[in-house]
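> Next up, input-v5.pdb (PDB, C-alpha atoms, pLDDT in the B column).
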ATOM      1  CA  MET A 897     -11.546  19.041   4.080  1.00 71.00           C
ATOM      2  CA  ASP A 898      -8.745  21.382   3.088  1.00 90.00           C
ATOM      3  CA  LEU A 899      -6.009  18.740   3.310  1.00 93.00           C
ATOM      4  CA  PRO A 900      -2.986  20.970   2.543  1.00 94.00           C
ATOM      5  CA  ARG A 901      -4.081  23.455   5.209  1.00 95.00           C
ATOM      6  CA  LEU A 902      -4.676  20.656   7.726  1.00 95.00           C
ATOM      7  CA  ILE A 903      -1.250  19.142   7.041  1.00 96.00           C
ATOM      8  CA  ASP A 904       0.357  22.556   7.415  1.00 96.00           C
ATOM      9  CA  GLY A 905      -1.354  23.117  10.758  1.00 95.00           C
ATOM     10  CA  LEU A 906      -0.486  19.677  12.126  1.00 96.00           C
ATOM     11  CA  SER A 907       3.139  20.115  11.028  1.00 96.00           C
ATOM     12  CA  ARG A 908       3.622  22.707  13.774  1.00 96.00           C
ATOM     13  CA  PRO A 909       4.694  21.622  17.272  1.00 96.00           C
ATOM     14  CA  ALA A 910       2.208  24.050  18.859  1.00 95.00           C
ATOM     15  CA  ALA A 911      -0.678  21.976  17.446  1.00 94.00           C
ATOM     16  CA  TYR A 912      -0.128  19.247  20.045  1.00 93.00           C
ATOM     17  CA  PRO A 913      -1.097  19.164  23.729  1.00 91.00           C
ATOM     18  CA  HIS A 914       2.296  17.708  24.703  1.00 93.00           C
ATOM     19  CA  PRO A 915       5.909  18.803  24.191  1.00 93.00           C
ATOM     20  CA  ALA A 916       7.159  18.354  20.639  1.00 94.00           C
ATOM     21  CA  ALA A 917      10.401  20.061  19.653  1.00 94.00           C
ATOM     22  CA  ASP A 918       9.656  19.393  16.001  1.00 95.00           C
ATOM     23  CA  VAL A 919       7.215  17.433  13.840  1.00 97.00           C
ATOM     24  CA  ARG A 920       8.259  15.032  11.107  1.00 98.00           C
ATOM     25  CA  VAL A 921       5.668  14.432   8.374  1.00 98.00           C
ATOM     26  CA  ILE A 922       5.535  11.190   6.388  1.00 98.00           C
ATOM     27  CA  GLN A 923       2.994  10.766   3.582  1.00 97.00           C
ATOM     28  CA  THR A 924       1.676   7.619   1.926  1.00 96.00           C
ATOM     29  CA  HIS A 925      -1.023   7.291  -0.703  1.00 95.00           C
ATOM     30  CA  ILE A 926      -3.769   6.986   1.950  1.00 96.00           C
ATOM     31  CA  SER A 927      -2.332   8.578   5.097  1.00 97.00           C
ATOM     32  CA  VAL A 928      -0.228  11.320   6.596  1.00 97.00           C
ATOM     33  CA  VAL A 929       1.738  10.459   9.736  1.00 97.00           C
ATOM     34  CA  PHE A 930       2.934  13.179  12.095  1.00 97.00           C
ATOM     35  CA  LEU A 931       5.785  12.235  14.429  1.00 97.00           C
ATOM     36  CA  ALA A 932       5.417  14.781  17.212  1.00 96.00           C
ATOM     37  CA  GLY A 933       7.609  14.317  20.267  1.00 94.00           C
ATOM     38  CA  ASP A 934       6.870  10.978  21.917  1.00 94.00           C
ATOM     39  CA  PHE A 935       3.683  10.415  19.885  1.00 95.00           C
ATOM     40  CA  ALA A 936       2.683   9.626  16.316  1.00 95.00           C
ATOM     41  CA  TYR A 937      -0.603  10.746  14.803  1.00 95.00           C
ATOM     42  CA  LYS A 938      -2.047   9.244  11.644  1.00 96.00           C
ATOM     43  CA  LEU A 939      -4.490  11.120   9.435  1.00 96.00           C
ATOM     44  CA  HIS A 940      -6.331   9.237   6.687  1.00 96.00           C
ATOM     45  CA  LYS A 941      -6.641  11.164   3.451  1.00 96.00           C
ATOM     46  CA  PRO A 942     -10.055  11.478   1.790  1.00 95.00           C
ATOM     47  CA  VAL A 943      -9.301   9.062  -1.059  1.00 96.00           C
ATOM     48  CA  GLN A 944     -11.168   6.363  -2.923  1.00 96.00           C
ATOM     49  CA  LEU A 945      -8.931   3.710  -4.445  1.00 95.00           C
ATOM     50  CA  GLY A 946      -9.646   0.234  -5.744  1.00 92.00           C
ATOM     51  CA  PHE A 947      -8.811  -1.383  -2.401  1.00 94.00           C
ATOM     52  CA  VAL A 948     -10.028   1.258   0.051  1.00 95.00           C
ATOM     53  CA  ASP A 949     -12.738   3.934   0.228  1.00 97.00           C
ATOM     54  CA  LEU A 950     -11.938   6.737   2.664  1.00 97.00           C
ATOM     55  CA  SER A 951     -13.901   9.342   0.742  1.00 95.00           C
ATOM     56  CA  THR A 952     -16.186  10.372   3.624  1.00 95.00           C
ATOM     57  CA  LEU A 953     -15.585  11.366   7.230  1.00 94.00           C
ATOM     58  CA  ASP A 954     -17.692   8.422   8.438  1.00 95.00           C
ATOM     59  CA  ARG A 955     -15.608   5.961   6.399  1.00 96.00           C
ATOM     60  CA  ARG A 956     -12.344   7.447   7.684  1.00 96.00           C
ATOM     61  CA  LEU A 957     -13.583   7.331  11.290  1.00 96.00           C
ATOM     62  CA  HIS A 958     -14.674   3.700  10.947  1.00 96.00           C
ATOM     63  CA  ASP A 959     -11.348   2.725   9.342  1.00 96.00           C
ATOM     64  CA  CYS A 960      -9.354   4.465  12.096  1.00 96.00           C
ATOM     65  CA  GLN A 961     -11.411   2.800  14.823  1.00 97.00           C
ATOM     66  CA  GLU A 962     -10.929  -0.613  13.233  1.00 97.00           C
ATOM     67  CA  GLU A 963      -7.194  -0.044  12.821  1.00 96.00           C
ATOM     68  CA  VAL A 964      -6.851   0.788  16.510  1.00 97.00           C
ATOM     69  CA  ARG A 965      -9.093  -2.106  17.597  1.00 97.00           C
ATOM     70  CA  LEU A 966      -7.202  -4.682  15.538  1.00 97.00           C
ATOM     71  CA  ASN A 967      -3.658  -3.448  16.127  1.00 96.00           C
ATOM     72  CA  ARG A 968      -4.128  -2.752  19.835  1.00 95.00           C
ATOM     73  CA  ARG A 969      -4.288  -6.510  20.414  1.00 95.00           C
ATOM     74  CA  LEU A 970      -0.583  -6.865  19.588  1.00 95.00           C
ATOM     75  CA  ALA A 971       0.646  -3.337  20.340  1.00 95.00           C
ATOM     76  CA  PRO A 972      -1.480  -1.837  23.140  1.00 93.00           C
ATOM     77  CA  ASP A 973       1.173   0.734  24.040  1.00 93.00           C
ATOM     78  CA  VAL A 974       1.378   1.979  20.446  1.00 93.00           C
ATOM     79  CA  TYR A 975      -2.272   2.180  19.354  1.00 94.00           C
ATOM     80  CA  LEU A 976      -3.826   4.405  21.990  1.00 94.00           C
ATOM     81  CA  ASP A 977      -6.980   6.016  20.618  1.00 94.00           C
ATOM     82  CA  VAL A 978      -8.802   7.747  17.799  1.00 95.00           C
ATOM     83  CA  VAL A 979      -9.128  11.513  18.238  1.00 91.00           C
ATOM     84  CA  GLY A 980     -10.850  14.147  16.164  1.00 88.00           C
ATOM     85  CA  VAL A 981      -9.067  16.971  14.393  1.00 87.00           C
ATOM     86  CA  MET A 982     -10.559  20.414  14.738  1.00 71.00           C
TER      87      MET A 982
END
Transcribe the structure of this file into structure tokens.

Amino acid sequence: MDLPRLIDGLSRPAAYPHPAADVRVIQTHISVVFLAGDFAYKLHKPVQLGFVDLSTLDRRLHDCQEEVRLNRRLAPDVYLDVVGVM
């Protein structure tokens, strides 16, 4: 994964299938969040830290699916789905 290139591409409003006048990017040590119009997209970075291992695509997919499954219980209108990035 070329993370800088991916972040650059997802920082552009044209990358989204819905209207987004601009995109705000917020980075943490394990994620990048893109605030695009009415939606937020979270991308897990390929990192391996003492408390989390997101070093492979399969691990990142599993973690994203679990995050949506667990958080959807209390915020079903916020946690909508896991989608792939091409």
> Would you kindly translate the PyMOL selection byres ((chain A and resi 918) around 9) into the concrete residues it picks from this file, as a ChimeraX atom specification?
/A:907-909,916-917,919-920,931-933
> Rounded to one decimal, what separation in Å do you get between atom CA of Val981 of chain A and atom CA of Ala936 of chain A?
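Those two atoms sit 14.0 Å apart.
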> Separation of atom CA of Val979 of chain A and atom CA of Gly946 of chain A, in Å?
26.5 Å
> Identify all residues satisfying the PyMOL selection byres ((chain A and resi 978) around 7) in the given file; provide them as a PDB file with C-alpha atoms, keeping the file's coordinate frame.

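Contents of out.pdb, freshly written:
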ATOM      1  CA  CYS A 960      -9.354   4.465  12.096  1.00 96.00           C
ATOM      2  CA  GLN A 961     -11.411   2.800  14.823  1.00 97.00           C
ATOM      3  CA  ASP A 977      -6.980   6.016  20.618  1.00 94.00           C
ATOM      4  CA  VAL A 979      -9.128  11.513  18.238  1.00 91.00           C
ATOM      5  CA  GLY A 980     -10.850  14.147  16.164  1.00 88.00           C
TER       6      GLY A 980
END
> Selected by the PyMOL selection byres ((chain A and resi 942) around 10) in the shown coordinates: which residues, as a PyMOL selection string?
chain A and resi 897+899+926-927+939-941+943-944+949-953+955-956
